[in-house]
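Enquirer: I'm passing along upload_16.tsv; it holds TSV, C-alpha atoms.
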```tsv
chain	number	residue	atom	x	y	z
A	280	MET	CA	-38.28	-49.35	93.53
A	281	ASN	CA	-37.77	-50.62	89.99
A	282	ASN	CA	-36.10	-48.64	87.23
A	283	ARG	CA	-39.38	-47.60	85.63
A	284	THR	CA	-40.61	-46.13	88.92
A	285	ARG	CA	-37.27	-44.40	89.39
A	286	LEU	CA	-37.50	-42.85	85.94
A	287	GLY	CA	-41.02	-41.65	86.61
A	288	LEU	CA	-39.85	-39.90	89.74
A	289	MET	CA	-36.91	-38.44	87.86
A	290	LEU	CA	-39.31	-36.83	85.41
A	291	CYS	CA	-41.29	-35.25	88.23
A	292	LEU	CA	-38.15	-33.89	89.91
A	293	LEU	CA	-36.12	-32.97	86.83
A	294	ALA	CA	-35.63	-29.21	86.58
A	295	SER	CA	-34.63	-27.66	83.29
A	296	SER	CA	-31.14	-26.23	83.35
A	297	ALA	CA	-32.15	-23.64	80.79
A	298	PRO	CA	-30.94	-20.22	81.89
A	299	ALA	CA	-33.23	-17.64	83.38
A	300	PHE	CA	-32.46	-14.35	81.66
A	301	ALA	CA	-32.86	-11.22	83.73
A	302	ALA	CA	-36.46	-11.26	84.91
A	303	PRO	CA	-38.34	-8.16	83.78
A	304	GLY	CA	-40.01	-5.89	86.26
A	305	THR	CA	-43.55	-6.59	87.24
A	306	THR	CA	-46.58	-4.70	86.05
A	307	ALA	CA	-50.24	-4.75	86.91
A	308	CYS	CA	-52.03	-7.08	84.51
A	309	LYS	CA	-55.72	-7.75	84.22
A	310	LYS	CA	-56.63	-10.85	86.23
A	311	LEU	CA	-56.62	-13.97	84.13
A	312	ASP	CA	-59.93	-15.71	83.49
A	313	LEU	CA	-58.83	-19.26	82.74
A	314	HIS	CA	-62.34	-20.49	81.95
A	315	SER	CA	-62.86	-17.82	79.27
A	316	LEU	CA	-59.39	-18.36	77.79
A	317	VAL	CA	-59.85	-22.12	77.52
A	318	SER	CA	-63.43	-21.81	76.27
A	319	ASP	CA	-62.43	-19.43	73.48
A	320	PHE	CA	-59.44	-21.59	72.51
A	321	SER	CA	-61.52	-24.77	72.45
A	322	ASP	CA	-63.45	-23.47	69.44
A	323	ARG	CA	-60.30	-23.30	67.30
A	324	PRO	CA	-59.52	-26.06	64.75
A	325	GLU	CA	-56.21	-27.05	66.40
A	326	ALA	CA	-58.00	-27.52	69.71
A	327	LYS	CA	-60.63	-29.74	68.12
A	328	LYS	CA	-57.91	-31.74	66.35
A	329	ALA	CA	-56.19	-32.33	69.70
A	330	ALA	CA	-59.46	-33.65	71.19
A	331	LEU	CA	-59.10	-31.58	74.34
A	332	PRO	CA	-61.24	-32.33	77.40
A	333	ASP	CA	-64.22	-30.16	78.24
A	334	THR	CA	-63.40	-26.63	79.39
A	335	SER	CA	-64.63	-27.23	82.95
A	336	GLU	CA	-62.53	-30.39	83.23
A	337	ILE	CA	-59.40	-28.53	82.05
A	338	VAL	CA	-60.01	-25.64	84.45
A	339	ASP	CA	-60.65	-27.93	87.41
A	340	HIS	CA	-57.69	-30.26	86.88
A	341	SER	CA	-54.92	-28.16	85.33
A	342	ARG	CA	-51.67	-27.08	86.91
A	343	GLN	CA	-51.09	-23.38	86.10
A	344	LEU	CA	-47.85	-21.42	85.64
A	345	THR	CA	-47.56	-17.72	84.73
A	346	LEU	CA	-44.80	-15.30	83.74
A	347	THR	CA	-45.18	-11.61	82.89
A	348	THR	CA	-42.93	-9.90	80.33
A	349	LEU	CA	-42.92	-6.20	79.53
A	350	ASN	CA	-41.71	-5.83	75.96
A	351	PRO	CA	-44.51	-5.87	74.98
A	352	GLN	CA	-46.69	-6.40	78.04
A	353	ILE	CA	-47.59	-10.07	77.83
A	354	GLN	CA	-48.66	-12.48	80.53
A	355	TRP	CA	-47.67	-16.03	79.61
A	356	LEU	CA	-49.93	-18.73	81.01
A	357	GLY	CA	-49.05	-22.40	80.75
A	358	ILE	CA	-51.37	-25.18	81.88
A	359	GLY	CA	-51.10	-28.96	81.90
A	360	TRP	CA	-53.17	-31.97	82.85
A	361	GLN	CA	-52.99	-35.78	82.94
A	362	ALA	CA	-54.92	-38.69	81.39
A	363	PRO	CA	-54.11	-38.13	78.62
A	364	ILE	CA	-51.26	-35.73	79.26
A	365	ASN	CA	-51.47	-32.43	77.39
A	366	GLY	CA	-51.55	-28.69	77.91
A	367	ILE	CA	-51.87	-25.21	76.41
A	368	LEU	CA	-49.58	-22.18	76.30
A	369	PHE	CA	-51.36	-18.80	76.21
A	370	ALA	CA	-49.87	-15.38	75.46
A	371	VAL	CA	-52.28	-12.94	77.08
A	372	SER	CA	-52.43	-9.16	76.78
A	373	CYS	CA	-51.84	-7.51	80.13
A	374	SER	CA	-54.16	-4.65	79.26
A	375	ASP	CA	-57.38	-6.55	78.56
A	376	GLY	CA	-56.71	-10.15	79.67
A	377	LYS	CA	-57.50	-11.54	76.22
A	378	ALA	CA	-55.36	-14.13	74.46
A	379	ILE	CA	-53.07	-12.78	71.77
A	380	ASP	CA	-52.57	-16.38	70.67
A	381	ALA	CA	-52.32	-19.87	72.15
A	382	GLY	CA	-51.30	-23.36	71.18
A	383	VAL	CA	-51.42	-27.00	72.28
A	384	VAL	CA	-47.85	-27.71	73.43
A	385	GLY	CA	-48.07	-30.56	75.96
A	386	ALA	CA	-48.31	-30.25	79.73
A	387	VAL	CA	-46.42	-27.10	80.74
A	388	GLU	CA	-43.92	-27.81	83.53
A	389	GLU	CA	-41.88	-24.60	83.61
A	390	ILE	CA	-41.77	-21.10	82.05
A	391	LYS	CA	-38.64	-18.91	82.17
A	392	SER	CA	-37.67	-15.61	80.61
A	393	GLY	CA	-35.66	-15.97	77.42
A	394	PRO	CA	-33.57	-13.35	75.62
A	395	ASP	CA	-34.98	-10.12	74.20
A	396	LEU	CA	-34.21	-10.51	70.48
A	397	PRO	CA	-34.00	-7.62	68.00
A	398	GLY	CA	-36.89	-7.83	65.59
A	399	VAL	CA	-38.72	-10.26	67.88
A	400	GLY	CA	-38.88	-8.88	71.41
A	401	ASP	CA	-39.34	-10.99	74.51
A	402	THR	CA	-39.06	-14.76	74.38
A	403	VAL	CA	-39.87	-17.47	76.90
A	404	LEU	CA	-38.33	-20.88	77.50
A	405	VAL	CA	-41.08	-23.42	78.10
A	406	SER	CA	-40.55	-26.98	79.34
A	407	THR	CA	-43.34	-29.43	78.56
A	408	THR	CA	-44.18	-33.11	78.94
A	409	ASP	CA	-45.82	-34.37	75.76
A	410	ALA	CA	-45.79	-38.12	76.35
A	411	SER	CA	-45.93	-40.11	79.55
A	412	SER	CA	-47.02	-43.73	79.84
A	413	ALA	CA	-45.87	-47.02	81.27
A	414	ASN	CA	-43.44	-47.37	78.36
A	415	THR	CA	-42.53	-43.84	77.28
A	416	ILE	CA	-41.61	-40.51	78.84
A	417	HIS	CA	-40.80	-37.47	76.71
A	418	ARG	CA	-40.04	-33.92	77.85
A	419	THR	CA	-39.25	-30.97	75.57
A	420	ILE	CA	-37.91	-27.43	75.92
A	421	SER	CA	-38.98	-24.75	73.43
A	422	LEU	CA	-38.22	-21.07	72.90
A	423	PHE	CA	-41.47	-19.23	72.13
A	424	THR	CA	-42.32	-15.70	71.15
A	425	ILE	CA	-45.17	-13.77	69.59
A	426	LYS	CA	-44.40	-12.87	65.97
A	427	ALA	CA	-46.97	-11.00	63.89
A	428	GLY	CA	-49.59	-11.83	66.51
A	429	LYS	CA	-48.91	-15.59	66.36
A	430	LEU	CA	-47.40	-17.93	68.92
A	431	THR	CA	-44.14	-19.02	67.28
A	432	SER	CA	-41.51	-21.57	68.27
A	433	LEU	CA	-38.00	-20.35	67.44
A	434	TRP	CA	-36.33	-23.58	68.61
A	435	HIS	CA	-37.09	-26.82	70.48
A	436	HIS	CA	-35.17	-29.82	71.77
A	437	THR	CA	-35.74	-32.95	73.82
A	438	LEU	CA	-34.90	-32.49	77.50
A	439	TYR	CA	-35.56	-36.04	78.66
A	440	GLU	CA	-36.76	-39.20	77.00
A	441	ASP	CA	-36.90	-42.86	77.83
A	442	ALA	CA	-38.58	-45.73	76.07
A	443	TYR	CA	-39.05	-49.32	77.19
A	444	LEU	CA	-40.59	-51.93	74.95
A	445	PRO	CA	-41.03	-55.63	75.77
A	446	ALA	CA	-38.26	-57.86	74.38
A	447	SER	CA	-36.02	-54.88	73.62
A	448	ASN	CA	-33.33	-52.76	75.26
A	449	GLY	CA	-34.24	-49.63	77.19
A	450	GLN	CA	-33.32	-46.27	75.62
A	451	GLN	CA	-32.81	-43.13	77.68
A	452	SER	CA	-31.67	-39.61	76.74
A	453	GLU	CA	-31.15	-36.64	79.05
A	454	PHE	CA	-30.01	-33.12	78.11
A	455	GLN	CA	-29.04	-29.82	79.71
A	456	VAL	CA	-29.58	-26.50	77.92
A	457	THR	CA	-27.59	-23.29	78.41
A	458	MET	CA	-27.59	-19.97	76.58
A	459	PRO	CA	-24.22	-18.20	76.99
A	460	ASP	CA	-25.71	-15.28	75.03
A	461	ALA	CA	-28.83	-14.45	73.06
A	462	ASN	CA	-27.29	-15.77	69.83
A	463	THR	CA	-26.29	-19.22	71.04
A	464	ILE	CA	-27.91	-22.29	72.59
A	465	ASP	CA	-25.64	-25.06	73.89
A	466	VAL	CA	-27.00	-28.55	74.50
A	467	THR	CA	-25.09	-31.29	76.32
A	468	GLY	CA	-26.32	-34.69	77.34
A	469	GLU	CA	-26.13	-38.45	77.17
A	470	HIS	CA	-27.91	-41.23	75.37
A	471	ARG	CA	-27.92	-44.47	77.38
A	472	VAL	CA	-28.91	-48.00	76.42
A	473	TYR	CA	-29.89	-50.60	79.05
A	474	ARG	CA	-30.22	-54.34	78.67
A	475	GLN	CA	-33.31	-56.06	79.96
A	476	THR	CA	-33.18	-58.04	83.18
A	477	PRO	CA	-33.20	-61.85	82.66
A	478	ASP	CA	-36.92	-62.08	83.36
A	479	GLY	CA	-37.66	-59.24	80.90
A	480	SER	CA	-39.59	-57.17	83.44
A	481	ASP	CA	-37.18	-54.25	83.86
A	482	TRP	CA	-33.88	-52.70	82.80
A	483	GLU	CA	-30.51	-53.48	84.32
A	484	LYS	CA	-29.35	-50.68	86.61
A	485	THR	CA	-26.18	-49.89	84.65
A	486	PRO	CA	-26.25	-48.96	80.93
A	487	PHE	CA	-24.06	-51.03	78.61
A	488	ASN	CA	-23.73	-48.22	76.07
A	489	VAL	CA	-23.36	-44.49	76.77
A	490	ARG	CA	-22.94	-41.82	74.11
A	491	GLU	CA	-22.08	-38.25	75.04
A	492	ILE	CA	-23.81	-35.54	72.97
A	493	ARG	CA	-22.80	-31.91	72.44
A	494	GLU	CA	-24.71	-29.57	70.15
A	495	THR	CA	-24.71	-25.85	69.46
A	496	TYR	CA	-27.49	-23.84	67.84
A	497	CYS	CA	-26.96	-20.34	66.47
A	498	LEU	CA	-29.47	-17.58	65.81
A	499	ASP	CA	-30.27	-16.94	62.17
A	500	LYS	CA	-30.89	-13.21	62.35
A	501	VAL	CA	-32.73	-13.21	59.02
A	502	GLN	CA	-35.10	-16.14	59.60
A	503	LEU	CA	-35.17	-15.52	63.38
A	504	THR	CA	-34.74	-19.17	64.24
A	505	TYR	CA	-31.97	-21.16	65.93
A	506	ASN	CA	-30.28	-23.70	63.68
A	507	ALA	CA	-27.55	-26.26	64.33
A	508	CYS	CA	-24.15	-24.67	63.78
A	509	THR	CA	-21.96	-27.40	65.30
A	510	ALA	CA	-22.81	-30.88	66.51
A	511	GLY	CA	-20.83	-33.84	67.74
A	512	ALA	CA	-20.99	-37.09	69.62
A	513	ARG	CA	-18.26	-39.21	71.17
A	514	PRO	CA	-18.13	-42.21	73.52
A	515	ALA	CA	-18.32	-41.24	77.17
A	516	LYS	CA	-15.42	-42.11	79.41
A	517	HIS	CA	-15.99	-44.94	81.89
```
Mind converting the file's structure to structure tokens?

Expert:
Amino acid sequence: MNNRTRLGLMLCLLASSAPAFAAPGTTACKKLDLHSLVSDFSDRPEAKKAALPDTSEIVDHSRQLTLTTLNPQIQWLGIGWQAPINGILFAVSCSDGKAIDAGVVGAVEEIKSGPDLPGVGDTVLVSTTDASSANTIHRTISLFTIKAGKLTSLWHHTLYEDAYLPASNGQQSEFQVTMPDANTIDVTGEHRVYRQTPDGSDWEKTPFNVREIRETYCLDKVQLTYNACTAGARPAKH
């Protein structure tokens, strides 16, 4: 197995270390009609700009993930597909099964409960893959909510990324996300650089440069976004 294959498998197996806040109780929600949700969304300008596949193709080939929150009663539906990789996040009303809002976010890999924020309400942590090819893999985590009826990202960060280009070194970044409380997001990780093998077909197995990364993001209670409040990087110990 070469390094590129190994990295592809890592992406498939990588689980976000973002915290799962206390899961809300369950409630009876109207059954989701994915075909209707996708069909309605496909008429929107952002969907046309993203050149989404036909509704039937999305419905037939998408992976689906759902999470229900109760404050207010929202059923979050994330879908994702390949070739080309993409996906949609829906916030759906439990009462009537209609989308409150939705957005193209990349292929949804995971949805977890986030904190209940004053002035905002429930949030969800969503992990997505928004680029995956022979040369690039990119995975993101975002904190979403519904604000004034609109799907809104309060914060986002790379979870995993690697890039390999011919005649250049390989670049790889991997991060873990924790939330010690609703006001703080801590990010730790590494950025690694790999030399090419002599024949130029792969990376060497051991990076020649490793940089440790630590970042903290704090809630701006006025703007209701998370902004960098401390950040640092130092060489990793070998």

Enquirer: Write out as a Markdown table the residues of segment 379-472 of chain A that have any atom within 10 Å of an atom of segment 485-489 of chain A, one row each with the nearest atom pair and its distance in Å to one decimal, counting all atoms listed in the file, sorted by chain and then rising number.

Expert:
```
| residue | atom | partner | partner_atom | distance |
| --- | --- | --- | --- | --- |
| A:Asn448 | CA | A:Pro486 | CA | 9.8 |
| A:Gly449 | CA | A:Pro486 | CA | 8.8 |
| A:Gln450 | CA | A:Pro486 | CA | 9.2 |
| A:Gln451 | CA | A:Pro486 | CA | 9.4 |
| A:Ser452 | CA | A:Val489 | CA | 9.6 |
| A:Glu469 | CA | A:Val489 | CA | 6.7 |
| A:His470 | CA | A:Val489 | CA | 5.8 |
| A:Arg471 | CA | A:Val489 | CA | 4.6 |
| A:Val472 | CA | A:Asn488 | CA | 5.2 |
```

Enquirer: Which polymer residues have any atom within 8 Å of an atom of segment 352-364 of chain A, counting only C-alpha atoms, with same-chain residues fewer than 2 positions away left out, as a ChimeraX atom specification?

Expert: /A:308,337,340-350,366-374,385-388,390,408-411

Enquirer: Give as a PyMOL selection string the set of residues within 9 Å of the point (-48.3, -14.0, 67.0), where distances use the file's coordinates and only C-alpha atoms.

Expert: chain A and resi 370+379-381+424-431

Enquirer: Anything within 6 Å of (-52.2, -29.0, 67.6): list those residues as a PyMOL selection string, counting all atoms listed in the file and sticking to the file's coordinates.

Expert: chain A and resi 325+329+383

Enquirer: Identify, on the basis of only C-alpha atoms, every residue whose closest approach to Ser421 of chain A does not exceed 9 Å; exclude the query and any residue fewer than 2 positions from it along the same chain; express the result as a list in words.

Expert: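 Listed by chain and then number, they are Val403, Leu404, Val405, Ser406, Thr407, Thr419, Phe423, Ser432, Leu433, Trp434, His435, His436 and Thr437 of chain A.
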
Enquirer: Put those residues in a file: C-alpha atoms, as a PDB file, in the frame of the given file.

Expert:
```pdb
ATOM      1  CA  VAL A 403     -39.870 -17.470  76.900  1.00  0.00           C
ATOM      2  CA  LEU A 404     -38.330 -20.880  77.500  1.00  0.00           C
ATOM      3  CA  VAL A 405     -41.080 -23.420  78.100  1.00  0.00           C
ATOM      4  CA  SER A 406     -40.550 -26.980  79.340  1.00  0.00           C
ATOM      5  CA  THR A 407     -43.340 -29.430  78.560  1.00  0.00           C
ATOM      6  CA  THR A 419     -39.250 -30.970  75.570  1.00  0.00           C
ATOM      7  CA  PHE A 423     -41.470 -19.230  72.130  1.00  0.00           C
ATOM      8  CA  SER A 432     -41.510 -21.570  68.270  1.00  0.00           C
ATOM      9  CA  LEU A 433     -38.000 -20.350  67.440  1.00  0.00           C
ATOM     10  CA  TRP A 434     -36.330 -23.580  68.610  1.00  0.00           C
ATOM     11  CA  HIS A 435     -37.090 -26.820  70.480  1.00  0.00           C
ATOM     12  CA  HIS A 436     -35.170 -29.820  71.770  1.00  0.00           C
ATOM     13  CA  THR A 437     -35.740 -32.950  73.820  1.00  0.00           C
TER      14      THR A 437
END
```

Enquirer: Would you compute the distance between atom CA of Leu316 of chain A and atom CA of Thr402 of chain A? Give it in Å to one decimal.

Expert: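 Spanning atom CA of Leu316 of chain A to atom CA of Thr402 of chain A is a straight-line distance of 20.9 Å.
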